[in-house]
Structures are given as C-alpha cells and as structure tokens.
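Listing of input-v4.cif; format and content: mmCIF, C-alpha atoms and all ligand atoms.
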data_run
#
loop_
_atom_site.label_atom_id
_atom_site.label_comp_id
_atom_site.auth_asym_id
_atom_site.auth_seq_id
_atom_site.Cartn_x
_atom_site.Cartn_y
_atom_site.Cartn_z
CA MET A 221 22.34 -30.83 31.66
CA ALA A 222 19.22 -32.52 30.42
CA VAL A 223 19.11 -34.14 27.03
CA THR A 224 16.40 -32.41 25.12
CA ALA A 225 15.18 -35.05 22.74
CA VAL A 226 12.19 -33.03 21.79
CA PRO A 227 10.06 -34.74 19.16
CA ASP A 228 9.81 -32.96 15.80
CA SER A 229 6.08 -32.59 16.18
CA ILE A 230 6.72 -30.39 19.22
CA SER A 231 9.30 -28.14 17.61
CA GLU A 232 6.82 -27.41 14.85
CA GLU A 233 4.53 -25.72 17.33
CA TYR A 234 6.83 -24.65 20.15
CA TYR A 235 10.32 -23.38 20.50
CA GLN A 236 12.88 -23.47 23.21
CA ILE A 237 13.50 -20.11 24.76
CA ASN A 238 17.13 -19.39 25.59
CA GLU A 239 18.56 -17.45 28.49
CA ALA A 240 19.39 -14.28 26.58
CA ILE A 241 15.82 -14.06 25.35
CA LEU A 242 14.38 -14.86 28.77
CA ASP A 243 16.53 -12.15 30.34
CA SER A 244 15.20 -9.61 27.87
CA PHE A 245 11.72 -9.92 29.36
CA SER A 246 10.62 -8.61 32.71
CA LYS A 247 11.38 -11.53 35.01
CA TYR A 248 8.23 -11.43 37.15
CA ARG A 249 5.70 -11.30 34.38
CA LEU A 250 5.94 -12.65 30.84
CA PRO A 251 3.51 -11.77 28.07
CA LEU A 252 3.72 -15.37 26.81
CA ASP A 253 2.50 -18.81 27.87
CA LEU A 254 5.36 -20.98 29.12
CA PHE A 255 5.66 -24.72 28.67
CA VAL A 256 8.02 -27.31 30.14
CA PHE A 257 9.11 -30.54 28.61
CA ASN A 258 8.14 -33.46 30.75
CA TYR A 259 10.49 -36.37 30.13
CA ASP A 260 8.26 -39.03 31.67
CA ALA A 261 5.27 -38.04 29.62
CA GLY A 262 7.45 -37.17 26.59
CA GLN A 263 5.42 -34.05 26.02
CA LEU A 264 5.13 -30.41 26.86
CA LEU A 265 3.02 -29.35 29.79
CA THR A 266 1.77 -25.86 30.49
CA TYR A 267 3.94 -24.13 33.09
CA SER A 268 2.19 -20.80 33.26
CA ARG A 269 -0.25 -18.67 31.30
CA LYS A 270 0.73 -15.27 29.97
CA ASP A 271 0.89 -12.40 32.44
CA THR A 272 1.09 -14.70 35.46
CA ARG A 273 2.80 -12.89 38.32
CA PHE A 274 5.77 -15.02 39.44
CA SER A 275 7.18 -15.42 42.92
CA ASN A 276 10.94 -15.26 43.50
CA GLU A 277 10.99 -19.06 43.70
CA GLN A 278 9.25 -19.34 40.37
CA VAL A 279 11.64 -16.85 38.80
CA GLU A 280 14.48 -19.11 39.96
CA GLU A 281 12.77 -22.23 38.71
CA ILE A 282 12.07 -20.68 35.32
CA ARG A 283 15.73 -19.72 34.98
CA GLN A 284 16.78 -23.25 35.88
CA LEU A 285 14.38 -24.82 33.37
CA CYS A 286 15.59 -22.42 30.74
CA SER A 287 19.28 -23.16 31.34
CA GLU A 288 18.53 -26.87 31.01
CA GLY A 289 16.76 -26.31 27.72
CA ASP A 290 13.38 -27.38 29.01
CA LEU A 291 11.49 -24.13 28.72
CA PHE A 292 9.35 -23.51 25.64
CA VAL A 293 7.02 -20.93 24.17
CA SER A 294 4.31 -21.57 21.66
CA ARG A 295 4.58 -20.47 18.07
CA ALA A 296 0.98 -19.34 18.50
CA ASP A 297 2.41 -16.50 20.59
CA HIS A 298 4.71 -15.53 17.77
CA PRO A 299 3.11 -12.10 17.13
CA ILE A 300 3.82 -11.09 20.75
CA TYR A 301 7.25 -12.62 20.71
CA SER A 302 8.22 -10.98 17.43
CA ARG A 303 7.02 -7.55 18.58
CA HIS A 304 9.25 -7.96 21.60
CA ILE A 305 12.30 -9.09 19.62
CA ALA A 306 11.84 -6.36 17.02
CA LYS A 307 12.57 -3.87 19.80
CA GLN A 308 15.82 -5.62 20.68
CA LEU A 309 16.79 -6.87 17.30
CA ASP A 310 20.17 -8.28 18.27
CA LEU A 311 18.25 -11.11 19.91
CA VAL A 312 17.45 -12.58 16.49
CA LEU A 313 21.09 -13.51 16.16
CA VAL A 314 21.10 -15.48 19.41
CA ASP A 315 17.75 -17.14 18.94
CA GLN A 316 18.44 -20.38 17.14
CA ASN A 317 14.81 -21.34 17.10
CA LEU A 318 13.44 -18.70 14.83
CA LYS A 319 12.67 -19.78 11.31
CA GLU A 320 14.25 -17.73 8.53
CA THR A 321 10.84 -16.43 7.53
CA GLU A 322 10.27 -15.29 11.12
CA VAL A 323 13.61 -13.47 11.20
CA ALA A 324 12.67 -11.69 7.97
CA ASP A 325 9.29 -10.63 9.41
CA ILE A 326 10.83 -9.43 12.66
CA SER A 327 13.64 -7.55 10.89
CA ILE A 328 11.23 -5.75 8.62
CA ARG A 329 9.06 -4.85 11.58
CA ALA A 330 12.10 -3.45 13.39
CA LEU A 331 13.14 -1.43 10.35
CA GLU A 332 9.64 0.01 10.06
CA SER A 333 9.62 1.39 13.57
CA ARG A 334 13.24 2.63 13.46
CA LEU A 335 12.64 4.38 10.14
CA ASP A 336 9.41 5.89 11.39
CA GLU A 337 11.29 7.45 14.28
CA PHE A 338 14.20 8.57 12.17
CA PHE A 339 12.13 10.15 9.41
CA ALA A 340 10.10 12.04 12.01
CA GLN A 341 13.32 13.36 13.51
CA PRO A 342 16.49 12.70 11.52
CA VAL A 343 18.98 13.25 14.32
CA LYS A 344 22.11 11.42 15.39
CA PRO A 345 20.75 9.30 18.28
CA LEU A 346 17.93 7.94 16.10
CA PHE A 347 20.34 7.40 13.24
CA GLU A 348 22.54 5.35 15.56
CA LYS A 349 19.60 3.18 16.63
CA LEU A 350 18.62 2.57 13.03
CA TYR A 351 22.21 1.80 12.11
CA ALA A 352 22.55 -0.68 14.98
CA ASP A 353 19.51 -2.60 13.75
CA VAL A 354 20.68 -2.49 10.16
CA GLN A 355 23.98 -3.98 11.28
CA VAL A 356 22.16 -6.84 12.94
CA ILE A 357 20.29 -7.46 9.70
CA THR A 358 23.36 -7.22 7.49
CA GLU A 359 25.21 -9.57 9.83
CA TYR A 360 22.41 -12.02 9.22
CA LEU A 361 22.08 -11.46 5.46
CA TRP A 362 25.71 -11.06 4.60
CA THR A 363 26.55 -14.71 4.22
CA ASP A 364 23.37 -16.07 2.73
CA MET A 365 21.68 -14.86 -0.42
CA HIS A 366 18.69 -17.04 0.31
CA ARG A 367 17.87 -14.99 3.38
CA LEU A 368 17.78 -11.84 1.31
CA ARG A 369 15.29 -13.44 -1.05
CA LEU A 370 12.93 -13.82 1.88
CA PHE A 371 13.07 -10.04 2.29
CA VAL A 372 12.30 -9.54 -1.38
CA ARG A 373 9.36 -11.91 -1.03
CA ARG A 374 8.01 -9.56 1.59
CA LEU A 375 7.88 -6.44 -0.56
CA HIS A 376 5.09 -4.13 0.47
CA THR A 377 2.69 -3.98 -2.43
CA GLY A 378 -0.17 -2.09 -0.77
CA ASP A 379 -0.49 1.64 -0.29
CA HIS A 380 2.62 3.74 -0.63
CA SER A 381 4.35 5.18 2.41
CA LEU A 382 7.85 6.54 2.71
CA VAL A 383 8.80 3.86 5.24
CA ARG A 384 7.42 0.99 3.18
CA HIS A 385 8.95 2.36 -0.01
CA SER A 386 12.32 2.70 1.70
CA ILE A 387 12.25 -0.88 2.93
CA ASN A 388 11.28 -2.16 -0.52
CA THR A 389 14.18 -0.26 -2.03
CA PHE A 390 16.49 -1.69 0.64
CA SER A 391 15.42 -5.28 -0.08
CA VAL A 392 15.50 -5.11 -3.86
CA GLY A 393 18.60 -2.94 -3.95
CA LEU A 394 20.59 -5.07 -1.55
CA TRP A 395 19.63 -8.17 -3.50
CA LEU A 396 20.93 -6.51 -6.70
CA TYR A 397 24.02 -5.36 -4.85
CA MET A 398 24.84 -8.83 -3.59
CA LEU A 399 24.32 -10.34 -7.03
CA SER A 400 26.79 -7.97 -8.61
CA ALA A 401 29.19 -7.44 -5.70
CA PRO A 402 32.79 -8.30 -6.51
CA GLU A 403 34.56 -11.01 -4.49
CA GLU A 404 36.52 -8.52 -2.42
CA THR A 405 33.43 -6.67 -1.13
CA HIS A 406 33.84 -6.02 2.57
CA ARG A 407 31.22 -6.17 5.24
CA LYS A 408 31.53 -2.41 5.68
CA ASP A 409 30.67 -1.89 2.00
CA PHE A 410 27.61 -4.03 2.47
CA ASP A 411 26.53 -2.05 5.56
CA GLN A 412 27.01 1.25 3.78
CA ALA A 413 25.04 0.04 0.77
CA ALA A 414 22.22 -1.10 3.05
CA MET A 415 22.01 2.29 4.77
CA ALA A 416 22.28 4.20 1.51
CA LEU A 417 19.39 2.26 -0.02
CA LEU A 418 17.24 2.60 3.06
CA LEU A 419 17.84 6.35 3.26
CA HIS A 420 17.94 7.31 -0.43
CA ASP A 421 14.68 9.27 0.04
CA VAL A 422 15.31 10.65 3.52
CA GLY A 423 14.80 14.13 2.04
CA MET A 424 11.15 13.25 1.37
CA ALA A 425 10.59 13.33 5.11
CA LYS A 426 10.95 17.10 4.81
CA ILE A 427 8.36 17.51 2.05
CA SER A 428 4.85 18.40 3.08
CA GLY A 429 2.30 15.59 3.01
CA PHE A 430 -0.01 17.99 1.22
CA ILE A 431 2.19 17.79 -1.87
CA THR A 432 3.23 14.14 -1.66
CA GLY A 433 -0.37 13.06 -1.14
CA LYS A 434 -1.83 14.98 -4.10
CA THR A 435 -3.88 12.96 -6.55
CA THR A 436 -4.03 15.70 -9.18
CA PRO A 437 -1.11 16.75 -11.43
CA LEU A 438 1.47 18.82 -9.61
CA LYS A 439 1.95 22.48 -10.35
CA PRO A 440 5.48 23.45 -11.46
CA GLU A 441 6.31 24.95 -8.07
CA GLU A 442 5.09 21.78 -6.35
CA LYS A 443 7.26 19.66 -8.65
CA GLU A 444 10.19 21.80 -7.66
CA LYS A 445 9.46 21.19 -4.01
CA ILE A 446 9.38 17.44 -4.57
CA GLN A 447 12.62 17.58 -6.49
CA ALA A 448 14.18 19.43 -3.58
CA HIS A 449 14.10 16.13 -1.63
CA ILE A 450 17.34 15.18 -3.37
CA LEU A 451 19.44 17.96 -1.93
CA ALA A 452 17.55 17.94 1.37
CA GLY A 453 18.36 14.23 1.77
CA TYR A 454 22.00 14.69 0.95
CA LYS A 455 22.26 17.55 3.45
CA ILE A 456 20.65 15.53 6.23
CA MET A 457 23.09 12.68 5.74
CA HIS A 458 26.02 15.06 5.42
CA LYS A 459 25.10 16.63 8.73
CA LEU A 460 25.12 13.18 10.28
CA ASP A 461 28.64 12.59 8.88
CA GLN A 462 27.26 10.10 6.41
CA SER A 463 28.54 11.42 3.15
CA HIS A 464 30.49 8.38 2.05
CA ASP A 465 30.43 7.50 -1.66
CA VAL A 466 27.42 5.22 -1.81
CA MET A 467 25.30 7.43 0.44
CA ARG A 468 26.10 10.39 -1.76
CA GLN A 469 25.36 8.42 -4.90
CA SER A 470 22.07 7.00 -3.67
CA THR A 471 20.67 10.27 -2.32
CA LEU A 472 21.88 12.49 -5.18
CA GLU A 473 21.55 10.21 -8.21
CA HIS A 474 18.50 8.00 -7.78
CA HIS A 475 16.35 10.21 -10.01
CA GLU A 476 18.99 10.68 -12.72
CA ARG A 477 18.36 8.74 -15.93
CA LEU A 478 20.81 7.29 -18.44
CA ASP A 479 19.49 9.52 -21.25
CA GLY A 480 19.85 12.66 -19.17
CA SER A 481 16.11 13.08 -18.65
CA GLY A 482 16.30 12.75 -14.86
CA TYR A 483 16.91 15.30 -12.13
CA PRO A 484 18.44 17.30 -10.52
CA GLN A 485 21.59 17.33 -12.69
CA HIS A 486 20.10 15.83 -15.89
CA SER A 487 23.33 13.91 -15.88
CA LYS A 488 24.07 10.93 -18.12
CA ASP A 489 27.14 10.10 -16.13
CA ILE A 490 25.69 8.13 -13.24
CA SER A 491 27.70 5.98 -10.84
CA GLN A 492 27.13 2.21 -10.67
CA PHE A 493 25.48 2.52 -7.25
CA GLY A 494 23.39 5.48 -8.40
CA ARG A 495 22.08 3.36 -11.27
CA LEU A 496 21.39 0.47 -8.95
CA THR A 497 19.47 2.71 -6.54
CA ALA A 498 17.50 4.19 -9.46
CA VAL A 499 16.34 0.73 -10.54
CA ALA A 500 15.53 -0.46 -7.03
CA ASP A 501 13.77 2.83 -6.25
CA ALA A 502 11.66 2.91 -9.43
CA PHE A 503 10.70 -0.75 -9.12
CA SER A 504 9.75 -0.30 -5.45
CA ALA A 505 7.65 2.76 -6.24
CA MET A 506 5.82 1.10 -9.13
CA VAL A 507 4.64 -1.91 -7.15
CA GLN A 508 2.90 0.28 -4.56
CA LYS A 509 -0.33 2.19 -4.96
CA ARG A 510 0.63 5.86 -5.05
CA PRO A 511 -1.75 8.81 -4.83
CA TYR A 512 -1.40 9.38 -8.57
CA ALA A 513 -1.05 5.80 -9.87
CA GLU A 514 -2.30 2.29 -9.27
CA ALA A 515 0.14 -0.38 -8.13
CA LYS A 516 1.64 -2.45 -10.92
CA THR A 517 2.28 -6.17 -10.59
CA LEU A 518 5.92 -7.06 -9.97
CA ASP A 519 6.11 -8.55 -13.43
CA ALA A 520 4.64 -5.50 -15.15
CA ALA A 521 6.95 -3.18 -13.22
CA ALA A 522 10.04 -5.22 -14.13
CA ARG A 523 8.99 -5.36 -17.80
CA GLU A 524 8.42 -1.63 -17.92
CA LEU A 525 11.85 -0.97 -16.45
CA THR A 526 13.65 -3.29 -18.85
CA ALA A 527 11.76 -1.72 -21.76
CA ALA A 528 12.99 1.72 -20.63
CA ARG A 529 16.60 0.71 -21.24
CA ASN A 530 17.42 4.22 -22.41
CA LYS A 531 16.72 5.40 -18.86
CA PHE A 532 17.44 2.45 -16.53
CA ASP A 533 20.47 0.18 -16.45
CA LEU A 534 19.35 -2.99 -18.18
CA SER A 535 22.01 -5.08 -16.45
CA MET A 536 20.10 -4.43 -13.21
CA SER A 537 16.46 -4.23 -14.25
CA GLY A 538 17.08 -7.39 -16.28
CA LYS A 539 18.15 -9.25 -13.15
CA ILE A 540 14.85 -8.47 -11.46
CA LEU A 541 12.85 -9.58 -14.48
CA THR A 542 14.86 -12.79 -14.85
CA ALA A 543 14.40 -13.63 -11.17
CA LEU A 544 10.66 -13.04 -11.43
CA VAL A 545 10.27 -15.06 -14.61
CA SER A 546 12.32 -17.94 -13.26
CA ASP A 547 10.57 -17.66 -9.90
CA THR A 548 13.87 -17.24 -8.05
CA PHE A 549 12.22 -15.13 -5.37
CA GLY A 550 9.63 -17.82 -4.82
CA LYS A 551 6.12 -16.81 -4.10
CA VAL A 552 5.92 -13.07 -3.52
CA ARG A 553 3.30 -12.31 -0.97
FE FE A 601 13.39 10.01 -4.51
FE FE A 602 12.52 6.55 -3.70
#

Could you render the structure from this file as structure tokens?
Amino acid sequence: MAVTAVPDSISEEYYQINEAILDSFSKYRLPLDLFVFNYDAGQLLTYSRKDTRFSNEQVEEIRQLCSEGDLFVSRADHPIYSRHIAKQLDLVLVDQNLKETEVADISIRALESRLDEFFAQPVKPLFEKLYADVQVITEYLWTDMHRLRLFVRRLHTGDHSLVRHSINTFSVGLWLYMLSAPEETHRKDFDQAAMALLLHDVGMAKISGFITGKTTPLKPEEKEKIQAHILAGYKIMHKLDQSHDVMRQSTLEHHERLDGSGYPQHSKDISQFGRLTAVADAFSAMVQKRPYAEAKTLDAAARELTAARNKFDLSMSGKILTALVSDTFGKVR
C-alpha cells in the first residue's frame, strides 16, 4: 500500500475518495474530475475530466488507485459531490475527508429533499427513508455538541416554507434537547426527539396553501383550519405507528402556552418536550419571513421569547438568548 504523504496544501483543495464512495457512482462515467497523486512530482495530476467515458481497463485502474489512496477529487466539485452524497447519506459516515461544515450542508440538503417527499405524501415507505437519513445524522451528532452548533449556524432565515421551518425547529430543538438531556439519555431517545421536532408540523402539509399563504388577517373559519394541523399531524404519525411520548408531545403541544393562551387544549400543563418544541418552533418561525410578518433577527426573536416568559419556558428560551449573546453558535449565516 502506498504511503500517502499528501502535502497539506493539497488536502485544502482536494480530497481522497474512498472505495465506498467510488462504488456509489456509476463506474464508467463520473460527474467529477479525478486526480492522481504523483509521488515523483509530489503533486496531483489530472487523471480524467468529468463525464469521461471509461474503458474496462480504466475502471480497473481507477479502483486500484483508489484502494491505494491515490485517487482524489477537487473541492471545487463539492456542489456535485454533495448532491450525490445527500442522496445516499450514509456515505457521510464513511467519508473521512469531508469537513464538518460540509457534512452539515449535505445533511441539511438530504433532510430537505426527504421532507419534501414525505410532506407531499406522508406514507410509510417515505417515512422510513426520512428516518434512515435522520439516523445517519443523529449517529453523527450524538457524540459531539459542536457538530450540532454547525446546524444551528445554518438556520434558514429567508422566506418561510414548511420544510425549512421544520429543519430550523429540528436544529434548534435538538440543540436545546442535548443541552438539557440527562446523563442516562439513550440514543433511541435522541432519535425520537429528532423525528418529533422535524415532524411537529406534519399536519400543516394537509392545510391548503391558499390559507397558509394569506397575507391578510385570517377569518375565524380559516384560523380553525390552521389549528386543525395539530390533530391532523398527530393522526398522521399515529397511523405510521409513531405515537411515542415525544412525538405525541411535539405534535399536540407545540402551540400550547404556559398561561393557557395556546391551542388546541388551552392547557397550562405542558410536558417538558412540548415546552421545548414550543420554544424551538416559535423561534424558528420568527426568524423567517412569513406571509404575514417580516423575519426578525435571531437576537430579536430570542429576546421576544424570553420576554414572553408567561407563555414560553424561560429555561429554554434563555439558553438560546445566552448562546446568541455569548456567540456560542459562532457566526450565523
Ligand atoms: Fe404548528
Ligand atoms: Fe411549527
């Protein structure tokens, strides 16, 4: 096996492609430029340009180069590469060359397309696909809080969409969950929390875009229809055999408020996870531009939530504000 003493300057711009990743592409034609490390010259040389049609001999040679650790792709091709990996997300766990920021980007991209599919058609096979990807992501996030911060740094702050809102709620909520999770939290708890946050608003997928997109005040009957997303969401998840505690709490309780002013139960008795979802949900909604309201800055949203301590659990909204003030999340894009 060759010793791959690749200079640092090279690994900044290129990364080694491993066999699992290579196998995931069509073997006769790759959508990426390939490079080989030349030991005599001490540098990378172009092996082939993207979309070159390979002969059987070349396919063999490429495999050989790859197994010896001498095959590279350029970080300039990252958009193509990440689109590819997002479709087979488990590859992020075997690719040692991806930067943590790249894994976060790819994971979010994968969640976007899985959620899109699932919201369009909330059925078992699409749920399973989404769940498989979420498990890859939780496997990755589970052990390292820093990685989760990179997700929070990538909050969508542009126009509202159900998918983007759901991912925001997932990132913020899971960050809050990890901060307050007791020592004995199991991986399964973490997975369930992740799914519950991501799908807290699944019922909205059933509400007509005519109502959700309205810029004028809603009529009482339209308000009722929006509020029906709570029960609709719970029913969808129940039908998919996903009515475990945190899923039930997130779907049913995320619009309840501590002072009883929420809906649908006007309950003051809200579970810990219901309160967490409420904070993550409200914060995520406020930082996006909605049909009826401008986007607030992260800071303004966090301050508004902590000020509304009669409605939102201050022990959670306070954590967001503290992290923002102390710049724990780092620069939020
Ligand atoms: Fe909701
Ligand atoms: Fe929501």

Long-range neighbours of stretch 495-506 of chain A as a PyMOL selection string, 10 Å cut-off, only C-alpha atoms, 5 positions minimum in chain: chain A and resi 375-377+380-382+384-397+413+416-418+420-421+466+469-471+473-478+489-490+513-518+520-526+531-538+540

One-decimal distance in Å that lies between atom CA of A:Leu472 and atom CA of A:Lys455: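 Separating atom CA of A:Lys455 from atom CA of A:Leu472 is a distance of 10.0 Å.
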
Separation of atom CA of A:Arg273 from atom CA of A:Arg249, in Å and rounded to one decimal: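 Atom CA of A:Arg249 lies 5.1 Å from atom CA of A:Arg273.
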
Polymer residues at most 9 Å from (19.8, 15.0, 12.8) by all atoms listed in the file, as a ChimeraX atom specification: /A:338,341-347,456-457,459-460

Shortest interatomic distance to ligand FE 601 (chain A) - which of A:Thr542, A:Gln447, A:Gln236, A:Gln492, counting all atoms listed in the file: A:Gln447

Using all atoms listed in the file: which of A:Pro437, A:Pro251, A:Pro402, A:Pro484 has the shortest distance to ligand FE 601 (chain A):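 Once distances to ligand FE 601 (chain A) are computed over all atoms listed in the file, the minimum belongs to A:Pro484.
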
Gap from atom CA of A:Ile305 to atom CA of A:Glu348 - Å, one decimal: 18.2 Å

Pick from A:Leu335, A:Leu242, A:Val545, A:Leu419 nearest to ligand FE 601 (chain A), counting only C-alpha atoms and all ligand atoms: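 Checking each candidate against ligand FE 601 (chain A), we get A:Leu419 as the closest.
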
Proximity to ligand FE 601 (chain A) - best of A:Gly494, A:Gln485, A:Gln462, A:Ile450, only C-alpha atoms and all ligand atoms: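 With only C-alpha atoms and all ligand atoms as the atom set, the closest residue is A:Ile450.
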
Residue neighbourhood A:Ile357, 9 Å, only C-alpha atoms, exclusion window fewer than 4 positions, as a list in words: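 Answer for this query is Leu309, Asp310, Val312, Leu313, Ala324, Ser327, Ala352, Asp353, Leu361 and Trp362 of chain A.
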
Contacts of A:Glu320 at 9 Å (all atoms listed in the file; same-chain gap of 4+ positions) as a ChimeraX atom specification: /A:324-325,367,370

Residue rebuild result stretch 352-373 of chain A, N, CA and C atoms as a PDB file, keeping the file's coordinate frame:
ATOM      1  N   ALA A 352      22.295   0.531  14.175  1.00  0.00           N
ATOM      2  CA  ALA A 352      22.550  -0.680  14.980  1.00  0.00           C
ATOM      3  C   ALA A 352      21.665  -1.834  14.494  1.00  0.00           C
ATOM      4  N   ASP A 353      20.407  -1.536  14.231  1.00  0.00           N
ATOM      5  CA  ASP A 353      19.510  -2.600  13.750  1.00  0.00           C
ATOM      6  C   ASP A 353      19.896  -3.064  12.349  1.00  0.00           C
ATOM      7  N   VAL A 354      20.278  -2.112  11.519  1.00  0.00           N
ATOM      8  CA  VAL A 354      20.680  -2.490  10.160  1.00  0.00           C
ATOM      9  C   VAL A 354      21.913  -3.404  10.215  1.00  0.00           C
ATOM     10  N   GLN A 355      22.795  -3.131  11.168  1.00  0.00           N
ATOM     11  CA  GLN A 355      23.980  -3.980  11.280  1.00  0.00           C
ATOM     12  C   GLN A 355      23.638  -5.392  11.741  1.00  0.00           C
ATOM     13  N   VAL A 356      22.618  -5.507  12.556  1.00  0.00           N
ATOM     14  CA  VAL A 356      22.160  -6.840  12.940  1.00  0.00           C
ATOM     15  C   VAL A 356      21.653  -7.571  11.687  1.00  0.00           C
ATOM     16  N   ILE A 357      20.887  -6.849  10.891  1.00  0.00           N
ATOM     17  CA  ILE A 357      20.290  -7.460   9.700  1.00  0.00           C
ATOM     18  C   ILE A 357      21.366  -7.813   8.666  1.00  0.00           C
ATOM     19  N   THR A 358      22.319  -6.913   8.478  1.00  0.00           N
ATOM     20  CA  THR A 358      23.360  -7.220   7.490  1.00  0.00           C
ATOM     21  C   THR A 358      24.240  -8.375   7.977  1.00  0.00           C
ATOM     22  N   GLU A 359      24.463  -8.438   9.267  1.00  0.00           N
ATOM     23  CA  GLU A 359      25.210  -9.570   9.830  1.00  0.00           C
ATOM     24  C   GLU A 359      24.524 -10.887   9.450  1.00  0.00           C
ATOM     25  N   TYR A 360      23.220 -10.842   9.509  1.00  0.00           N
ATOM     26  CA  TYR A 360      22.410 -12.020   9.220  1.00  0.00           C
ATOM     27  C   TYR A 360      22.360 -12.321   7.717  1.00  0.00           C
ATOM     28  N   LEU A 361      22.262 -11.268   6.907  1.00  0.00           N
ATOM     29  CA  LEU A 361      22.080 -11.460   5.460  1.00  0.00           C
ATOM     30  C   LEU A 361      23.390 -11.699   4.704  1.00  0.00           C
ATOM     31  N   TRP A 362      24.407 -11.151   5.240  1.00  0.00           N
ATOM     32  CA  TRP A 362      25.710 -11.060   4.600  1.00  0.00           C
ATOM     33  C   TRP A 362      26.177 -12.366   3.954  1.00  0.00           C
ATOM     34  N   THR A 363      25.967 -13.444   4.668  1.00  0.00           N
ATOM     35  CA  THR A 363      26.550 -14.710   4.220  1.00  0.00           C
ATOM     36  C   THR A 363      25.586 -15.574   3.419  1.00  0.00           C
ATOM     37  N   ASP A 364      24.353 -15.146   3.299  1.00  0.00           N
ATOM     38  CA  ASP A 364      23.370 -16.070   2.730  1.00  0.00           C
ATOM     39  C   ASP A 364      22.357 -15.354   1.847  1.00  0.00           C
ATOM     40  N   MET A 365      22.541 -15.511   0.565  1.00  0.00           N
ATOM     41  CA  MET A 365      21.680 -14.860  -0.420  1.00  0.00           C
ATOM     42  C   MET A 365      20.215 -15.294  -0.256  1.00  0.00           C
ATOM     43  N   HIS A 366      20.049 -16.524   0.169  1.00  0.00           N
ATOM     44  CA  HIS A 366      18.690 -17.040   0.310  1.00  0.00           C
ATOM     45  C   HIS A 366      17.879 -16.199   1.308  1.00  0.00           C
ATOM     46  N   ARG A 367      18.558 -15.782   2.358  1.00  0.00           N
ATOM     47  CA  ARG A 367      17.870 -14.990   3.380  1.00  0.00           C
ATOM     48  C   ARG A 367      17.376 -13.662   2.814  1.00  0.00           C
ATOM     49  N   LEU A 368      18.162 -13.111   1.921  1.00  0.00           N
ATOM     50  CA  LEU A 368      17.780 -11.840   1.310  1.00  0.00           C
ATOM     51  C   LEU A 368      16.553 -12.014   0.418  1.00  0.00           C
ATOM     52  N   ARG A 369      16.473 -13.158  -0.215  1.00  0.00           N
ATOM     53  CA  ARG A 369      15.290 -13.440  -1.050  1.00  0.00           C
ATOM     54  C   ARG A 369      14.015 -13.399  -0.221  1.00  0.00           C
ATOM     55  N   LEU A 370      14.122 -13.838   1.025  1.00  0.00           N
ATOM     56  CA  LEU A 370      12.930 -13.820   1.880  1.00  0.00           C
ATOM     57  C   LEU A 370      12.476 -12.380   2.148  1.00  0.00           C
ATOM     58  N   PHE A 371      13.437 -11.458   2.143  1.00  0.00           N
ATOM     59  CA  PHE A 371      13.070 -10.040   2.290  1.00  0.00           C
ATOM     60  C   PHE A 371      12.368  -9.562   1.024  1.00  0.00           C
ATOM     61  N   VAL A 372      12.908  -9.971  -0.118  1.00  0.00           N
ATOM     62  CA  VAL A 372      12.300  -9.540  -1.380  1.00  0.00           C
ATOM     63  C   VAL A 372      10.891 -10.121  -1.508  1.00  0.00           C
ATOM     64  N   ARG A 373      10.709 -11.316  -0.993  1.00  0.00           N
ATOM     65  CA  ARG A 373       9.360 -11.910  -1.030  1.00  0.00           C
ATOM     66  C   ARG A 373       8.369 -11.126  -0.203  1.00  0.00           C
TER      67      ARG A 373
END
